[in-house]
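Asks: For reference, the structure I am asking about is given below.
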Amino acid sequence: MRKNIKATEAIFPMPVLMVATYNEDGTVNVMNAAWGTMVSRDIVALNLTETHKTVQNIKARKAFTVSIADAKHVVEADYFGVESGKNVADKLAASGLTAVKSENVDAPIINEFPLCLECEFIEYQGDEYGLGVIGKVVNTTADERVLKNDKVDITAVEAITFDPYTHGYYKVTERVGDAFKDGLKLKK
């Protein structure tokens, strides 16, 4: 039997993405964003409102990075979501994490997060059904500790996801199948 439940962000788990930019004074700004996805192989969409300091920075610098948050840094990742860049001038320093400048875009790479997409700003879609920030991924970096045979080992990443029903973070670590292969068992 099925039961109707309160509507919320029903597609889950949601990624925990760390969106990093530079402020006007060159300090690093980082925000936690669960509303983001790839819309094609090299295009990322972040559903962020224009009122975010991060979006203002993205528009000004024409660049941003998106890091995948990991279980080891759940406290810092959550901090980037509960504190506004409008209230704290240097959220990165307050978190204790560190960053380096991307060689490819005018945005910082947070050293402690294992995967980072370096993005050029394409456009902001602000209409009723707009996606928000759209960016082109020009480079991806991975900490060597999460690579196995030069490929990302998702179990080593220990990426976290957001559960909108309980407001919890969960670690993604266990492989349960093989994409584009397991379903062939049912194909006639």
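Naming works like this for the structure tokens: A, B, ... for the chains as they're shown, residue 1 at the start of each chain, ligands 1 onward in shown order.
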May I have the residues within 12 Å of Gly132 (chain A) as a count of residues only, using only C-alpha atoms and disregarding those fewer than 2 positions away in the same chain?
Replies: 30
Asks: As a count of residues only, please: every residue in region 11-151 of chain A that DSSP puts in strand (DSSP E or B).
Replies: 61
Asks: How close does region 6-112 of chain A get to region 168-177 of chain A? List, as a Markdown table, each residue of region 6-112 of chain A within 9 Å, its nearest atom pair and the distance in Å to one decimal, counting only C-alpha atoms.
Replies:
| residue | atom | partner | partner_atom | distance |
| --- | --- | --- | --- | --- |
| A:Pro13 | CA | A:Tyr170 | CA | 8.5 |
| A:Val16 | CA | A:Tyr169 | CA | 8.5 |
| A:Asp70 | CA | A:Lys171 | CA | 7.6 |
| A:Ala71 | CA | A:Lys171 | CA | 6.1 |
| A:Val74 | CA | A:Tyr169 | CA | 7.9 |
Asks: Write the residues of the selection above to a file with all heavy atoms, as a compact mmCIF listing (two decimals), in the first residue's frame.
Replies:
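See out12.txt below for the written result:
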# COMPACT_ATOMS: atom_id res chain seq x y z
N PRO A 13 18.62 11.00 -3.50
CA PRO A 13 19.36 11.99 -2.72
C PRO A 13 19.85 13.12 -3.61
O PRO A 13 19.99 12.95 -4.82
CB PRO A 13 20.53 11.20 -2.14
CG PRO A 13 20.74 10.07 -3.11
CD PRO A 13 19.38 9.76 -3.66
N VAL A 16 25.67 17.21 -2.61
CA VAL A 16 26.14 18.30 -1.75
C VAL A 16 27.32 18.91 -2.48
O VAL A 16 28.41 18.34 -2.53
CB VAL A 16 26.52 17.80 -0.35
CG1 VAL A 16 26.99 18.97 0.52
CG2 VAL A 16 25.32 17.10 0.31
N ASP A 70 32.66 15.73 0.79
CA ASP A 70 32.91 14.37 1.27
C ASP A 70 32.60 14.25 2.76
O ASP A 70 32.46 15.25 3.47
CB ASP A 70 34.34 13.94 0.97
CG ASP A 70 35.39 14.81 1.65
OD1 ASP A 70 35.08 15.93 2.08
OD2 ASP A 70 36.53 14.34 1.77
N ALA A 71 32.49 13.01 3.21
CA ALA A 71 32.11 12.73 4.60
C ALA A 71 33.11 13.30 5.60
O ALA A 71 32.74 13.72 6.69
CB ALA A 71 31.95 11.22 4.81
N VAL A 74 32.07 17.05 6.41
CA VAL A 74 30.64 17.35 6.50
C VAL A 74 30.38 18.60 7.35
O VAL A 74 29.48 19.40 7.03
CB VAL A 74 29.84 16.13 7.00
CG1 VAL A 74 30.14 15.81 8.45
CG2 VAL A 74 28.35 16.34 6.78
Asks: Using only C-alpha atoms, pick whichever of A:Ile11, A:Met1, A:Ala107, A:Ala93 has the shortest atom-to-atom distance to Thr65 (chain A).
Replies: A:Ala107
Asks: Set the distance at 8 Å and use only C-alpha atoms: which residues neighbour Cys116 (chain A) once local chain neighbours fewer than 6 positions away are removed? I'd like the list as a PyMOL selection string.
Replies: chain A and resi 65-68+109-110+140-142
Asks: Which one is closest to His167 (chain A): A:Met14, A:Ser95, A:Asn57, A:Ile5? Count only C-alpha atoms.
Replies: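 Distance minimum relative to His167 (chain A) lands on A:Met14.
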Asks: Enter the distance from CA of Ala60 (chain A) to CA of Met31 (chain A), in Å, rounded to one decimal.
Replies: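 These atoms are spaced 16.3 Å apart.
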Asks: Would you mind telling me which residue in A:Asp163, A:Glu118, A:Glu112, A:Asp178 lies nearest to His73 (chain A) when using only C-alpha atoms?
Replies: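 Result for the nearest residue to His73 (chain A): A:Glu112.
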Asks: Just the number, please: distance in Å from CA of Asp143 (chain A) to CA of Ser84 (chain A), one decimal.
Replies: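 Computing the Euclidean distance for CA of Asp143 (chain A) and CA of Ser84 (chain A) yields 27.3 Å.
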Asks: Check the DSSP output for the backbone and give back, as a VMD selection string, the residues of chain A in helix (DSSP H, G or I).
Replies: chain A and resid 53 to 61 71 to 82 91 to 95 144 to 146 154 to 157 182 to 186
Asks: Kindly export the residues of the current selection with C-alpha atoms, as a JSON list (two decimals), in the first residue's frame.
Replies:
[["chain", "number", "residue", "atom", "x", "y", "z"],
["A", 53, "LYS", "CA", 26.65, 36.50, -2.78],
["A", 54, "THR", "CA", 28.05, 33.55, -4.71],
["A", 55, "VAL", "CA", 25.88, 34.30, -7.76],
["A", 56, "GLN", "CA", 26.92, 37.95, -7.68],
["A", 57, "ASN", "CA", 30.57, 36.81, -7.61],
["A", 58, "ILE", "CA", 30.02, 34.35, -10.46],
["A", 59, "LYS", "CA", 28.54, 37.07, -12.63],
["A", 60, "ALA", "CA", 31.38, 39.46, -11.80],
["A", 61, "ARG", "CA", 34.23, 36.95, -12.30],
["A", 71, "ALA", "CA", 32.11, 12.73, 4.60],
["A", 72, "LYS", "CA", 35.41, 13.83, 6.13],
["A", 73, "HIS", "CA", 34.37, 17.49, 5.74],
["A", 74, "VAL", "CA", 30.64, 17.35, 6.50],
["A", 75, "VAL", "CA", 30.95, 20.00, 9.25],
["A", 76, "GLU", "CA", 32.69, 22.46, 6.94],
["A", 77, "ALA", "CA", 30.30, 21.68, 4.09],
["A", 78, "ASP", "CA", 27.30, 22.35, 6.31],
["A", 79, "TYR", "CA", 28.91, 25.57, 7.60],
["A", 80, "PHE", "CA", 29.14, 26.83, 4.02],
["A", 81, "GLY", "CA", 25.37, 26.36, 3.84],
["A", 82, "VAL", "CA", 24.34, 27.89, 7.16],
["A", 91, "LYS", "CA", 34.06, 31.94, 5.16],
["A", 92, "LEU", "CA", 36.96, 29.80, 3.97],
["A", 93, "ALA", "CA", 39.29, 31.10, 6.69],
["A", 94, "ALA", "CA", 36.56, 30.60, 9.29],
["A", 95, "SER", "CA", 36.20, 26.96, 8.16],
["A", 144, "GLU", "CA", 45.16, 11.39, -6.11],
["A", 145, "ARG", "CA", 43.82, 9.61, -3.02],
["A", 146, "VAL", "CA", 40.48, 9.03, -4.79],
["A", 154, "ILE", "CA", 33.60, 6.72, -5.83],
["A", 155, "THR", "CA", 34.07, 4.61, -2.71],
["A", 156, "ALA", "CA", 37.28, 6.50, -1.92],
["A", 157, "VAL", "CA", 35.56, 9.86, -2.51],
["A", 182, "ASP", "CA", 22.92, -5.48, -15.40],
["A", 183, "GLY", "CA", 19.71, -4.62, -17.27],
["A", 184, "LEU", "CA", 20.83, -6.65, -20.26],
["A", 185, "LYS", "CA", 19.85, -9.75, -18.27],
["A", 186, "LEU", "CA", 16.20, -8.84, -18.89]]
Asks: So which one's closest to Lys101 (chain A), A:Cys119, A:Val152, A:Val28, A:Leu131? Using only C-alpha atoms, please.
Replies: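 Nearest to Lys101 (chain A): A:Val28.
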Asks: Between A:Leu117, A:Ala179, A:Ala63, A:Ala7, which is the closest to Val133 (chain A) once you count only C-alpha atoms?
Replies: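 Of A:Leu117, A:Ala179, A:Ala63, A:Ala7, the one nearest Val133 (chain A), counting only C-alpha atoms, is A:Ala63.
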Asks: Which value, in Å to one decimal, gives the distance between CA of Met18 (chain A) and CA of Thr98 (chain A)?
Replies: 13.2 Å
